[in-house]
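Note: the block below is input.cif and it holds mmCIF, C-alpha atoms and all ligand atoms.
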```cif
data_model
loop_
_atom_site.label_atom_id
_atom_site.label_comp_id
_atom_site.auth_asym_id
_atom_site.auth_seq_id
_atom_site.Cartn_x
_atom_site.Cartn_y
_atom_site.Cartn_z
CA MET A 27 0.00 0.00 0.00
CA ASP A 28 1.40 3.44 -0.93
CA GLN A 29 2.19 5.64 2.05
CA PRO A 30 0.86 9.21 1.69
CA ARG A 31 3.23 12.17 1.95
CA LEU A 32 3.01 15.93 2.02
CA VAL A 33 2.31 17.91 -1.14
CA ASP A 34 5.50 17.21 -3.02
CA PRO A 35 7.11 19.14 -5.88
CA HIS A 36 9.61 16.33 -6.49
CA THR A 37 7.34 13.41 -7.42
CA GLU A 38 9.12 12.85 -10.72
CA ILE A 39 12.56 12.74 -9.09
CA ARG A 40 11.28 10.26 -6.52
CA GLU A 41 9.88 8.00 -9.24
CA GLU A 42 13.12 8.07 -11.22
CA VAL A 43 15.29 7.45 -8.14
CA ALA A 44 13.03 4.55 -7.14
CA LYS A 45 13.47 3.02 -10.60
CA LEU A 46 17.26 3.29 -10.29
CA CYS A 47 17.16 1.76 -6.80
CA ALA A 48 15.14 -1.21 -8.06
CA ARG A 49 18.31 -2.26 -9.90
CA TYR A 50 20.05 -2.64 -6.51
CA PRO A 51 17.88 -5.03 -4.49
CA GLY A 52 18.47 -6.58 -1.06
CA GLU A 53 20.89 -9.23 -2.41
CA TYR A 54 23.20 -6.48 -3.66
CA TRP A 55 23.39 -4.75 -0.25
CA ARG A 56 23.60 -8.03 1.66
CA LYS A 57 26.67 -9.13 -0.30
CA LEU A 58 28.36 -5.76 0.26
CA ASP A 59 27.49 -5.93 3.93
CA GLN A 60 29.08 -9.37 4.29
CA GLU A 61 32.21 -8.27 2.45
CA ARG A 62 32.26 -4.79 3.99
CA ALA A 63 32.60 -3.52 0.43
CA TYR A 64 31.78 -0.14 -1.10
CA PRO A 65 28.68 0.13 -3.35
CA THR A 66 30.72 1.31 -6.34
CA ALA A 67 28.13 0.39 -8.98
CA PHE A 68 25.28 2.05 -7.08
CA VAL A 69 27.25 5.26 -6.49
CA ARG A 70 28.32 5.32 -10.14
CA ALA A 71 24.69 4.95 -11.26
CA LEU A 72 23.58 7.81 -8.99
CA THR A 73 26.43 9.99 -10.24
CA GLU A 74 25.76 9.25 -13.91
CA ALA A 75 22.07 10.06 -13.41
CA GLY A 76 23.15 13.43 -12.00
CA TYR A 77 21.67 12.91 -8.53
CA LEU A 78 24.88 13.54 -6.59
CA GLY A 79 25.36 16.85 -8.41
CA ALA A 80 21.73 17.85 -7.91
CA LEU A 81 22.51 20.73 -5.55
CA ILE A 82 25.49 22.13 -7.49
CA PRO A 83 24.45 25.26 -9.44
CA GLU A 84 24.08 24.87 -13.20
CA GLU A 85 26.93 27.31 -13.89
CA TYR A 86 29.27 24.79 -12.23
CA GLY A 87 27.85 21.79 -14.07
CA GLY A 88 25.21 20.61 -11.59
CA ALA A 89 21.43 20.50 -11.79
CA GLY A 90 20.94 23.59 -9.59
CA LEU A 91 18.09 22.02 -7.66
CA PRO A 92 16.94 23.18 -4.21
CA LEU A 93 17.76 21.36 -0.96
CA SER A 94 14.30 19.75 -0.89
CA ALA A 95 15.21 17.92 -4.11
CA GLY A 96 18.34 16.55 -2.41
CA ALA A 97 16.16 15.46 0.51
CA ALA A 98 13.70 13.75 -1.87
CA ILE A 99 16.58 11.87 -3.53
CA LEU A 100 18.07 10.65 -0.23
CA GLU A 101 14.71 9.80 1.32
CA THR A 102 13.75 7.72 -1.72
CA ILE A 103 17.07 5.85 -1.72
CA HIS A 104 16.44 4.80 1.89
CA ALA A 105 12.72 4.12 1.44
CA GLU A 106 13.64 1.74 -1.39
CA GLY A 107 15.93 -0.28 0.90
CA CYS A 108 19.21 1.16 -0.41
CA ASN A 109 21.68 3.26 1.58
CA ALA A 110 22.98 6.69 0.61
CA ALA A 111 25.63 6.81 3.35
CA ALA A 112 28.24 5.78 0.80
CA CYS A 113 27.86 9.05 -1.07
CA HIS A 114 25.51 11.52 0.67
CA ALA A 115 28.29 13.66 2.12
CA GLN A 116 29.21 15.33 -1.12
CA MET A 117 25.75 16.88 -1.27
CA TYR A 118 26.46 18.88 1.87
CA ILE A 119 30.27 19.12 1.90
CA MET A 120 30.37 20.81 -1.49
CA GLY A 121 28.25 23.59 0.07
CA THR A 122 31.33 24.79 1.99
CA ILE A 123 33.24 25.27 -1.27
CA LEU A 124 30.18 26.83 -2.92
CA ARG A 125 29.49 29.31 -0.13
CA HIS A 126 33.00 30.13 1.06
CA GLY A 127 35.44 29.06 -1.68
CA SER A 128 37.02 31.47 -4.15
CA GLU A 129 35.77 31.58 -7.74
CA ASP A 130 38.92 29.69 -8.79
CA GLN A 131 38.24 26.94 -6.25
CA LYS A 132 34.61 26.64 -7.36
CA ARG A 133 35.70 26.28 -11.01
CA GLN A 134 38.46 23.87 -10.00
CA TYR A 135 36.31 21.46 -7.98
CA LEU A 136 32.56 21.78 -8.53
CA PRO A 137 32.28 20.72 -12.20
CA GLY A 138 34.38 17.60 -11.49
CA ILE A 139 32.26 16.78 -8.45
CA ALA A 140 29.10 17.18 -10.55
CA THR A 141 30.31 14.71 -13.20
CA GLY A 142 31.81 12.30 -10.69
CA ALA A 143 35.35 12.85 -12.02
CA LEU A 144 36.19 14.15 -8.54
CA ARG A 145 34.80 12.43 -5.47
CA LEU A 146 34.39 14.72 -2.46
CA GLN A 147 33.11 12.20 0.06
CA ALA A 148 35.44 12.59 3.04
CA PHE A 149 34.79 15.06 5.81
CA GLY A 150 37.51 15.19 8.47
CA VAL A 151 36.16 16.85 11.61
CA THR A 152 35.91 14.35 14.50
CA GLU A 153 39.05 13.45 16.45
CA PRO A 154 39.59 10.73 19.05
CA THR A 155 40.31 13.04 21.97
CA SER A 156 37.84 15.85 21.26
CA GLY A 157 34.72 13.91 20.12
CA THR A 158 31.68 16.16 20.03
CA ASP A 159 33.71 19.03 21.48
CA THR A 160 34.89 20.05 18.01
CA THR A 161 36.73 23.22 18.95
CA SER A 162 39.11 21.13 21.13
CA LEU A 163 40.41 19.33 18.08
CA ARG A 164 44.20 19.06 17.91
CA THR A 165 45.07 18.57 14.27
CA PHE A 166 47.25 21.57 13.45
CA ALA A 167 48.01 23.16 10.07
CA ARG A 168 51.09 25.43 10.21
CA LEU A 169 51.67 27.88 7.38
CA ASP A 170 55.13 27.54 5.89
CA GLY A 171 55.60 29.74 2.82
CA ASP A 172 53.17 28.68 0.10
CA HIS A 173 51.88 25.60 1.91
CA TYR A 174 50.59 24.30 5.23
CA VAL A 175 52.18 21.45 7.15
CA VAL A 176 49.49 19.34 8.82
CA ASN A 177 49.97 17.07 11.84
CA GLY A 178 47.32 15.24 13.82
CA GLN A 179 44.63 12.58 13.55
CA LYS A 180 40.99 12.22 12.55
CA VAL A 181 38.65 9.41 13.45
CA TRP A 182 35.40 8.17 11.94
CA THR A 183 36.19 9.80 8.63
CA SER A 184 33.72 7.94 6.45
CA ARG A 185 34.49 6.95 2.86
CA ALA A 186 38.11 8.26 2.91
CA GLU A 187 39.25 5.27 0.86
CA HIS A 188 36.63 6.06 -1.77
CA SER A 189 37.16 9.76 -2.11
CA ASP A 190 39.59 11.94 -4.05
CA LEU A 191 39.14 15.02 -1.89
CA MET A 192 38.63 15.61 1.81
CA LEU A 193 37.24 18.67 3.50
CA LEU A 194 39.49 19.02 6.54
CA LEU A 195 38.98 21.11 9.66
CA ALA A 196 42.24 21.89 11.45
CA ARG A 197 43.57 24.40 13.93
CA THR A 198 45.73 27.14 12.44
CA THR A 199 46.06 29.20 15.63
CA SER A 200 46.39 27.45 18.96
CA ARG A 201 43.51 27.78 21.39
CA ASP A 202 45.47 29.80 23.94
CA LYS A 203 46.13 32.48 21.29
CA VAL A 204 42.50 33.11 20.27
CA GLU A 205 39.82 35.03 22.15
CA LYS A 206 37.06 32.54 21.40
CA ARG A 207 37.62 28.81 21.07
CA THR A 208 35.60 28.85 17.84
CA GLU A 209 38.29 31.03 16.23
CA GLY A 210 41.61 29.84 14.83
CA LEU A 211 40.16 26.82 13.00
CA SER A 212 40.41 26.59 9.21
CA THR A 213 38.95 24.46 6.43
CA PHE A 214 41.01 22.98 3.62
CA VAL A 215 40.34 20.90 0.55
CA VAL A 216 42.91 18.11 0.74
CA ASP A 217 43.65 16.29 -2.51
CA MET A 218 44.03 12.80 -1.09
CA ARG A 219 45.37 11.48 -4.39
CA GLU A 220 48.41 13.68 -3.73
CA THR A 221 48.79 13.10 0.01
CA LEU A 222 48.08 9.37 0.40
CA GLY A 223 51.32 7.75 1.51
CA LYS A 224 52.96 11.19 1.63
CA GLY A 225 52.19 12.31 5.16
CA MET A 226 48.68 10.83 5.19
CA THR A 227 47.76 7.29 6.23
CA ILE A 228 44.23 5.87 6.16
CA THR A 229 43.27 2.90 8.35
CA PRO A 230 39.82 1.29 8.10
CA ILE A 231 37.66 0.86 11.23
CA ARG A 232 35.34 -2.14 11.17
CA THR A 233 31.92 -1.30 12.59
CA MET A 234 28.60 -3.04 13.18
CA MET A 235 27.42 -1.91 9.76
CA ASN A 236 29.04 -1.44 6.36
CA HIS A 237 29.97 2.23 6.56
CA ASN A 238 33.51 2.45 5.19
CA SER A 239 34.72 4.16 8.35
CA THR A 240 38.37 5.08 8.70
CA GLN A 241 40.85 6.90 10.85
CA ILE A 242 43.40 9.15 9.25
CA PHE A 243 46.87 10.12 10.47
CA PHE A 244 48.68 13.25 9.31
CA ASP A 245 52.43 13.33 9.69
CA ASN A 246 53.85 16.51 8.13
CA MET A 247 51.27 16.36 5.35
CA ILE A 248 51.73 19.20 2.86
CA VAL A 249 48.63 21.10 1.72
CA PRO A 250 49.07 24.03 -0.70
CA ALA A 251 48.02 27.36 0.81
CA ALA A 252 45.75 27.74 -2.24
CA ASN A 253 43.61 24.91 -0.79
CA LEU A 254 42.52 26.97 2.21
CA ILE A 255 38.79 27.71 1.94
CA GLY A 256 37.84 31.30 2.70
CA LYS A 257 39.73 33.10 5.45
CA GLU A 258 42.18 31.45 7.81
CA GLY A 259 40.68 31.07 11.28
CA ARG A 260 37.03 31.18 10.11
CA GLY A 261 36.68 27.47 9.36
CA PHE A 262 34.46 26.53 12.29
CA ARG A 263 31.91 29.12 11.17
CA TYR A 264 31.98 27.69 7.63
CA ILE A 265 31.38 24.17 8.94
CA LEU A 266 28.49 25.37 11.13
CA ASP A 267 26.96 27.08 8.08
CA GLY A 268 26.64 23.71 6.40
CA MET A 269 25.20 21.86 9.35
CA ASN A 270 21.55 22.73 8.87
CA ALA A 271 21.63 21.36 5.33
CA GLU A 272 23.45 18.25 6.56
CA ARG A 273 20.91 17.64 9.32
CA LEU A 274 17.93 18.08 7.02
CA LEU A 275 19.39 15.70 4.45
CA ILE A 276 20.21 13.05 7.06
CA ALA A 277 16.71 13.49 8.53
CA ALA A 278 15.30 12.78 5.06
CA GLU A 279 17.28 9.52 5.02
CA CYS A 280 15.82 8.60 8.41
CA ILE A 281 12.31 9.25 7.09
CA GLY A 282 13.13 6.98 4.16
CA ASP A 283 14.34 4.28 6.56
CA ALA A 284 11.15 4.64 8.63
CA ARG A 285 9.03 4.27 5.48
CA TRP A 286 10.93 1.12 4.49
CA PHE A 287 10.57 -0.50 7.94
CA ILE A 288 6.88 0.42 8.19
CA LYS A 289 6.05 -1.00 4.76
CA LYS A 290 8.07 -4.14 5.42
CA ALA A 291 6.40 -4.61 8.83
CA ALA A 292 2.84 -3.93 7.64
CA ASP A 293 3.26 -6.24 4.62
CA TYR A 294 4.58 -9.05 6.81
CA ALA A 295 1.89 -8.47 9.45
CA ARG A 296 -0.81 -8.90 6.81
CA GLU A 297 0.71 -12.08 5.39
CA ARG A 298 2.08 -14.01 8.35
CA VAL A 299 -0.59 -16.31 9.78
CA VAL A 300 -0.20 -17.62 13.35
CA PHE A 301 -3.04 -19.10 15.44
CA GLY A 302 -5.08 -19.21 12.26
CA ARG A 303 -5.11 -15.48 11.54
CA PRO A 304 -2.75 -12.76 10.31
CA ILE A 305 -0.51 -11.49 13.11
CA GLY A 306 -1.44 -7.96 11.95
CA GLN A 307 -4.91 -8.55 13.34
CA ASN A 308 -3.44 -8.30 16.84
CA GLN A 309 -3.28 -4.82 18.28
CA GLY A 310 0.01 -5.74 19.94
CA ILE A 311 1.46 -5.99 16.43
CA GLN A 312 -0.53 -3.15 14.81
CA PHE A 313 0.00 -0.45 17.36
CA PRO A 314 3.79 -0.14 17.36
CA ILE A 315 3.75 0.02 13.55
CA ALA A 316 0.95 2.61 13.54
CA ARG A 317 2.73 4.64 16.21
CA ALA A 318 6.01 4.62 14.26
CA TYR A 319 4.07 5.74 11.19
CA ALA A 320 2.56 8.68 13.11
CA GLN A 321 6.04 9.58 14.40
CA MET A 322 7.45 9.45 10.88
CA ARG A 323 4.72 11.71 9.44
CA ALA A 324 5.23 14.24 12.26
CA ALA A 325 9.01 14.23 11.71
CA GLU A 326 8.37 14.74 8.01
CA LEU A 327 6.41 17.92 8.80
CA MET A 328 9.32 19.28 10.83
CA VAL A 329 11.82 18.44 8.10
CA GLN A 330 9.60 20.10 5.48
CA ALA A 331 9.39 23.20 7.67
CA GLY A 332 13.20 23.26 7.86
CA LEU A 333 13.59 22.80 4.10
CA ALA A 334 11.10 25.59 3.41
CA LYS A 335 12.99 27.98 5.72
CA PHE A 336 16.33 27.00 4.19
CA GLU A 337 15.03 27.60 0.67
CA ALA A 338 13.61 30.97 1.74
CA GLY A 339 17.14 32.01 2.77
CA GLN A 340 16.41 31.78 6.50
CA THR A 341 18.38 29.82 9.11
CA PRO A 342 16.44 26.71 10.14
CA GLY A 343 18.62 25.78 13.14
CA GLU A 344 15.66 24.78 15.29
CA GLU A 345 13.82 22.82 12.59
CA ALA A 346 16.96 21.14 11.24
CA ASN A 347 18.03 19.94 14.67
CA MET A 348 14.58 18.85 15.81
CA GLY A 349 13.79 17.34 12.42
CA LYS A 350 16.96 15.24 12.57
CA MET A 351 16.17 14.05 16.10
CA LEU A 352 12.49 13.28 15.43
CA ALA A 353 13.26 11.53 12.16
CA ALA A 354 16.04 9.43 13.75
CA ASP A 355 13.65 8.50 16.58
CA ALA A 356 10.88 7.61 14.10
CA ALA A 357 13.29 5.45 12.10
CA TRP A 358 14.43 3.67 15.26
CA ALA A 359 10.82 3.13 16.46
CA ALA A 360 9.95 1.74 13.03
CA ALA A 361 13.05 -0.50 13.05
CA GLU A 362 12.08 -1.87 16.46
CA ALA A 363 8.46 -2.49 15.37
CA CYS A 364 9.66 -4.15 12.17
CA ILE A 365 12.09 -6.57 13.81
CA GLN A 366 9.50 -7.46 16.47
CA THR A 367 6.81 -8.03 13.85
CA HIS A 368 9.09 -10.42 12.00
CA GLY A 369 9.76 -12.49 15.12
CA GLY A 370 12.69 -14.85 14.54
CA PHE A 371 12.79 -14.07 10.83
CA GLY A 372 13.72 -10.47 11.64
CA PHE A 373 17.14 -11.81 12.60
CA ALA A 374 17.68 -13.72 9.36
CA GLU A 375 19.94 -11.87 6.92
CA GLU A 376 17.78 -12.65 3.89
CA TYR A 377 14.94 -10.41 5.13
CA ASP A 378 17.23 -7.34 5.19
CA VAL A 379 15.56 -6.18 8.43
CA GLU A 380 18.55 -6.87 10.68
CA ARG A 381 20.88 -5.04 8.27
CA LYS A 382 18.67 -1.96 8.06
CA PHE A 383 18.18 -2.19 11.85
CA ARG A 384 21.94 -1.92 12.36
CA GLU A 385 22.25 0.85 9.79
CA THR A 386 19.52 3.09 11.17
CA ARG A 387 20.81 2.92 14.74
CA LEU A 388 23.71 5.14 13.72
CA TYR A 389 21.52 8.21 13.41
CA GLN A 390 21.02 8.45 17.16
CA VAL A 391 24.76 9.17 17.38
CA ALA A 392 26.03 10.61 14.08
CA PRO A 393 26.43 13.08 12.57
CA ILE A 394 25.20 14.64 15.81
CA SER A 395 23.95 12.77 18.85
CA THR A 396 20.47 13.17 20.30
CA ASN A 397 21.83 14.63 23.55
CA LEU A 398 23.57 17.43 21.73
CA ILE A 399 20.39 18.26 19.80
CA LEU A 400 18.43 18.44 23.05
CA SER A 401 21.16 20.69 24.45
CA TYR A 402 20.82 22.92 21.39
CA VAL A 403 17.05 23.20 21.85
CA ALA A 404 17.36 23.83 25.59
CA GLU A 405 19.96 26.55 25.13
CA HIS A 406 19.26 28.22 21.79
CA VAL A 407 15.49 27.81 21.53
CA LEU A 408 14.37 27.80 25.16
CA GLY A 409 17.03 30.13 26.58
CA MET A 410 18.23 27.85 29.37
CA PRO A 411 21.88 27.96 30.50
CA ARG A 412 24.44 26.08 28.45
CA SER A 413 24.96 22.70 30.09
CA TYR A 414 28.52 22.02 28.94
C1 LIG B 1 29.77 5.32 11.50
C2 LIG B 1 30.19 6.71 11.82
C3 LIG B 1 30.48 7.59 10.78
C4 LIG B 1 30.93 8.89 11.07
N1 LIG B 1 31.34 9.69 10.04
C5 LIG B 1 32.01 10.84 10.33
C6 LIG B 1 32.65 11.59 9.30
O1 LIG B 1 32.57 11.26 8.11
N2 LIG B 1 33.34 12.70 9.64
C7 LIG B 1 33.46 13.11 10.94
O2 LIG B 1 34.11 14.12 11.18
N3 LIG B 1 32.85 12.43 11.94
C8 LIG B 1 32.15 11.29 11.67
N4 LIG B 1 31.57 10.57 12.68
C9 LIG B 1 31.73 11.01 14.05
C10 LIG B 1 30.44 11.42 14.71
O3 LIG B 1 30.05 12.69 14.24
C11 LIG B 1 30.70 11.36 16.21
O4 LIG B 1 30.79 9.98 16.55
C12 LIG B 1 29.64 12.00 16.99
O5 LIG B 1 29.65 13.38 16.73
C13 LIG B 1 29.87 11.77 18.49
O6 LIG B 1 31.20 12.00 18.84
P1 LIG B 1 32.00 10.88 19.69
O7 LIG B 1 31.83 9.59 19.02
O8 LIG B 1 33.40 11.32 19.93
O9 LIG B 1 31.22 10.84 21.06
P2 LIG B 1 31.52 11.68 22.37
O10 LIG B 1 31.63 13.14 22.04
O11 LIG B 1 32.63 11.04 23.09
O12 LIG B 1 30.17 11.45 23.14
C14 LIG B 1 29.83 10.17 23.69
C15 LIG B 1 28.40 10.23 24.22
O13 LIG B 1 28.33 11.26 25.24
C16 LIG B 1 27.32 12.17 24.91
N5 LIG B 1 27.75 13.53 25.31
C17 LIG B 1 28.94 14.13 25.07
N6 LIG B 1 28.94 15.37 25.55
C18 LIG B 1 27.71 15.57 26.12
C19 LIG B 1 27.07 16.66 26.79
N7 LIG B 1 27.70 17.82 26.97
N8 LIG B 1 25.80 16.51 27.21
C20 LIG B 1 25.15 15.32 27.04
N9 LIG B 1 25.70 14.26 26.43
C21 LIG B 1 26.96 14.38 25.97
C22 LIG B 1 27.12 12.09 23.42
O14 LIG B 1 25.80 12.46 23.09
C23 LIG B 1 27.39 10.61 23.14
O15 LIG B 1 26.22 9.87 23.30
C24 LIG B 1 31.04 9.30 12.41
C25 LIG B 1 30.71 8.43 13.46
C26 LIG B 1 30.29 7.15 13.17
C27 LIG B 1 30.00 6.21 14.31
#
```

Translate the structure described by the file into structure tokens.
Ligand SMILES: Cc1cc2nc3c(=O)[nH]c(=O)nc-3n(C[C@H](O)[C@H](O)[C@H](O)COP(=O)(O)OP(=O)(O)OC[C@H]3O[C@@H](n4cnc5c(N)ncnc54)[C@H](O)[C@@H]3O)c2cc1C
Amino acid sequence: MDQPRLVDPHTEIREEVAKLCARYPGEYWRKLDQERAYPTAFVRALTEAGYLGALIPEEYGGAGLPLSAGAAILETIHAEGCNAAACHAQMYIMGTILRHGSEDQKRQYLPGIATGALRLQAFGVTEPTSGTDTTSLRTFARLDGDHYVVNGQKVWTSRAEHSDLMLLLARTTSRDKVEKRTEGLSTFVVDMRETLGKGMTITPIRTMMNHNSTQIFFDNMIVPAANLIGKEGRGFRYILDGMNAERLLIAAECIGDARWFIKKAADYARERVVFGRPIGQNQGIQFPIARAYAQMRAAELMVQAGLAKFEAGQTPGEEANMGKMLAADAAWAAAEACIQTHGGFGFAEEYDVERKFRETRLYQVAPISTNLILSYVAEHVLGMPRSY
């Protein structure tokens, strides 16, 4: 049964993305999951269809579509049982180059990203010692003539082995020399094809799902000064600027996950007969699925409100944060209802439920954890004192 949605200007995109996704069924993702392999064919198909360049302006070779189109693409990928985590980052990372890069940098990188000739999938922010406390990061980029010398370490940098470029956040002025801790951080485009093995080492981290996670070590890595984005010391501000878009796009993926779990659960509940009747006839089975559906539709409203504000040129900090939290919660509630509805079969790999269950759990933690969103709402929306 088709699940209703809000009035949607992107119906055609959704239909086309769904058709593409149908070429990558559960077997495809299951095999990758077992081998912890990268979905190269799927990412190539998305790139060739122009979906990963959807948000890049037409003058730089993209489709010039609004953020809501990006959200529709990512939601559909997840609702169809696929996973956009292998490639979603370039939709929001490229925004830093677009908003804060020089004209030369935009011409140098964006057209290649739009065609797929350049993969900008790696985003190096998190470090082992600083965690969520980003401004405590220790990776340091020291200017030396016409280049920077970078030393330090990143952790959880997704897709680094499948990316040509990395957007890197590093300190350029030590914390004791800046007035505010948010100052003295800078963003760079690192050409990893140049630096791999030359001051940069990538080590994979195996996780509970297939996410191509890595940690990256910098040992006197050279980055040309021309690769600095915007002004030195303003990098944290640039990263923050991109976070609302990132949260709204990830929330759209969570809504897609919730839709997939709900459909899978309701279909199974109608078909599976125990005690001589469909299990879906029992309220104990129906209600958690119905509740997750209500949660998903409510989250969708919040995400739509955020997208509308973003596209109107406003700052949707509240909606983006709450939308991400509500959508992640709805996806998790739907995952829980789905696995429970399937009973023992929910744990069998061939049903794909356990894989999606593992995948959707991430969104309670990354890219921002639920606690930090609640802290944001408490402090910035409700005016309570900062708790950390
Ligand atoms: C699979 C995966 C992929 C990722 N991809 C990337 C990537 O591509 N690039 C990148 O830079 N990062 C990436 N991350 C990192 C991710 O953004 C962080 O894991 C996340 O921000 C949390 O940081 P942490 O793991 O260091 O947890 P910590 O900061 O150590 O926090 C641990 C727990 O404590 C809670 N906590 C911390 N401080 C507070 C507080 N003040 N109040 C209440 N609770 C608090 C947190 O909510 C969390 O639950 C990824 C992580 C994972 C797991």

Inset, instruction - Choose the residue, out of A:Ala105, A:Met192, A:Met226, A:Ile139, that has the smallest atom-to-atom separation from ligand LIG 1 (chain B); count all atoms listed in the file. - result: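 Between A:Ala105, A:Met192, A:Met226, A:Ile139, the residue approaching ligand LIG 1 (chain B) most closely is A:Met192.
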
Inset, instruction - Determine, counting all atoms listed in the file, which protein, DNA and RNA residues have an atom within 9 Å of an atom of range 31-47 of chain A; residues of the same chain fewer than 2 positions away are not included. Present the result as a count of residues only. - result: 25

Legend entry - Distance of CA of Met120 in chain A from CA of Asp355 in chain A, expressed in Å to one decimal place: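 Atom-to-atom, CA of Asp355 in chain A and CA of Met120 in chain A are spaced 27.5 Å apart.
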
Near range 390-397 of chain A, within 8 Å and counting all atoms listed in the file, which residues show up once chain neighbours fewer than 3 positions away are dropped, as an mmCIF file with C-alpha atoms, keeping the file's coordinate frame?
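out.cif, written as the output of this step:
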```
data_model
loop_
_atom_site.group_PDB
_atom_site.id
_atom_site.type_symbol
_atom_site.label_atom_id
_atom_site.label_comp_id
_atom_site.auth_asym_id
_atom_site.auth_seq_id
_atom_site.Cartn_x
_atom_site.Cartn_y
_atom_site.Cartn_z
ATOM 1 C CA THR A 158 31.680 16.160 20.030
ATOM 2 C CA ARG A 273 20.910 17.640 9.320
ATOM 3 C CA MET A 351 16.170 14.050 16.100
ATOM 4 C CA ALA A 354 16.040 9.430 13.750
ATOM 5 C CA ASP A 355 13.650 8.500 16.580
ATOM 6 C CA ARG A 387 20.810 2.920 14.740
ATOM 7 C CA LEU A 400 18.430 18.440 23.050
ATOM 8 C CA SER A 401 21.160 20.690 24.450
#
```

Inset, instruction - Find the residue from A:Ala404, A:Leu136, A:Leu398, A:Ala143 that sits nearest to ligand LIG 1 (chain B); use all atoms listed in the file when measuring. - result: A:Leu398

Legend entry - Among listed residues A:Glu380, A:Glu405, A:Glu84, A:Asp172, nearest Met234 in chain A (using all atoms listed in the file): A:Glu380

To box range 270-275 of chain A, take all atoms listed in the file, fit an axis-aligned box, add 8 Å on each side, and give centre and edge lengths in Å to one decimal, as JSON.
```
{"center_x": 20.7, "center_y": 19.2, "center_z": 6.9, "size_x": 21.5, "size_y": 23.0, "size_z": 20.9}
```

Please report as CSV every residue of chain A lying within 8 Å of ligand LIG 1 (chain B), along with the nearest atom pair and their distance in Å (one decimal), using only C-alpha atoms and all ligand atoms.
```
residue,atom,partner,partner_atom,distance
A:Ala115,CA,B:LIG1,O1,7.7
A:Ala148,CA,B:LIG1,O1,6.0
A:Phe149,CA,B:LIG1,N2,4.7
A:Gly150,CA,B:LIG1,O2,4.5
A:Val151,CA,B:LIG1,O2,3.4
A:Thr152,CA,B:LIG1,O2,3.8
A:Glu153,CA,B:LIG1,O8,7.0
A:Pro154,CA,B:LIG1,O8,6.3
A:Thr155,CA,B:LIG1,O8,7.4
A:Ser156,CA,B:LIG1,O8,6.5
A:Gly157,CA,B:LIG1,O8,2.9
A:Thr158,CA,B:LIG1,O10,3.6
A:Asp159,CA,B:LIG1,O10,6.3
A:Lys180,CA,B:LIG1,O2,7.3
A:Val181,CA,B:LIG1,N3,6.7
A:Trp182,CA,B:LIG1,C8,4.5
A:Thr183,CA,B:LIG1,O1,3.9
A:Ser184,CA,B:LIG1,O1,3.9
A:Arg185,CA,B:LIG1,O1,7.1
A:Thr233,CA,B:LIG1,C1,7.0
A:Met235,CA,B:LIG1,C1,7.8
A:His237,CA,B:LIG1,C1,5.8
A:Asn238,CA,B:LIG1,C1,7.9
A:Ser239,CA,B:LIG1,C3,6.0
A:Leu388,CA,B:LIG1,C27,6.4
A:Val391,CA,B:LIG1,C12,5.7
A:Ala392,CA,B:LIG1,C10,4.5
A:Pro393,CA,B:LIG1,O3,4.0
A:Ile394,CA,B:LIG1,O5,4.7
A:Ser395,CA,B:LIG1,O14,4.6
A:Thr396,CA,B:LIG1,O14,6.1
A:Asn397,CA,B:LIG1,O14,4.5
A:Leu398,CA,B:LIG1,O14,5.6
A:Ser401,CA,B:LIG1,N8,6.8
A:Ser413,CA,B:LIG1,N7,6.4
A:Tyr414,CA,B:LIG1,N7,4.7
```

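The space separating CA of Lys224 in chain A from CA of Phe244 in chain A comes to 9.0 Å.
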
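You can rank A:Thr208, A:Thr367, A:Thr141, A:Asn177 by their closest distance to Gly76 in chain A using all atoms listed in the file, and at the top of that list sits A:Thr141.
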
Inset, instruction - Rank nothing, just name the residue among A:Gly88, A:Pro250, A:Gly121, A:Gly343 nearest to Val329 in chain A, using all atoms listed in the file. - result: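 Checking each candidate against Val329 in chain A, we get A:Gly343 as the closest.
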
Inset, instruction - Show which residues sit within 10 Å of Phe336 in chain A, as a PyMOL selection string. Count all atoms listed in the file, and ignore same-chain residues fewer than 5 positions away. - result: chain A and resi 92-94+270-271+274+330-331+341-343+345-346

Inset, instruction - Pick out the residues sitting within 7 Å of Met117 in chain A, and hand them over as a ChimeraX atom specification; count only C-alpha atoms, and ignore anything fewer than 3 positions along from it in its own chain. - result: /A:78,81,114,120

Legend entry - Selection near Tyr377 in chain A, 12 Å with only C-alpha atoms, sequence-local residues under 3 positions removed, as a list in words: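 The filter keeps Pro51, Gly52, Glu53, Trp55, Arg56, Gly107, Phe287, Lys290, Ala291, Tyr294, Cys364, Ile365, His368, Gly369, Gly370, Phe371, Gly372, Phe373, Ala374, Glu380, Arg381, Lys382 and Phe383 of chain A.
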
Inset, instruction - For CA of Phe243 in chain A and CA of Asp59 in chain A, determine how far apart the two atoms are, in Å to one decimal place. - result: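 Pair CA of Phe243 in chain A / CA of Asp59 in chain A returns 26.0 Å.
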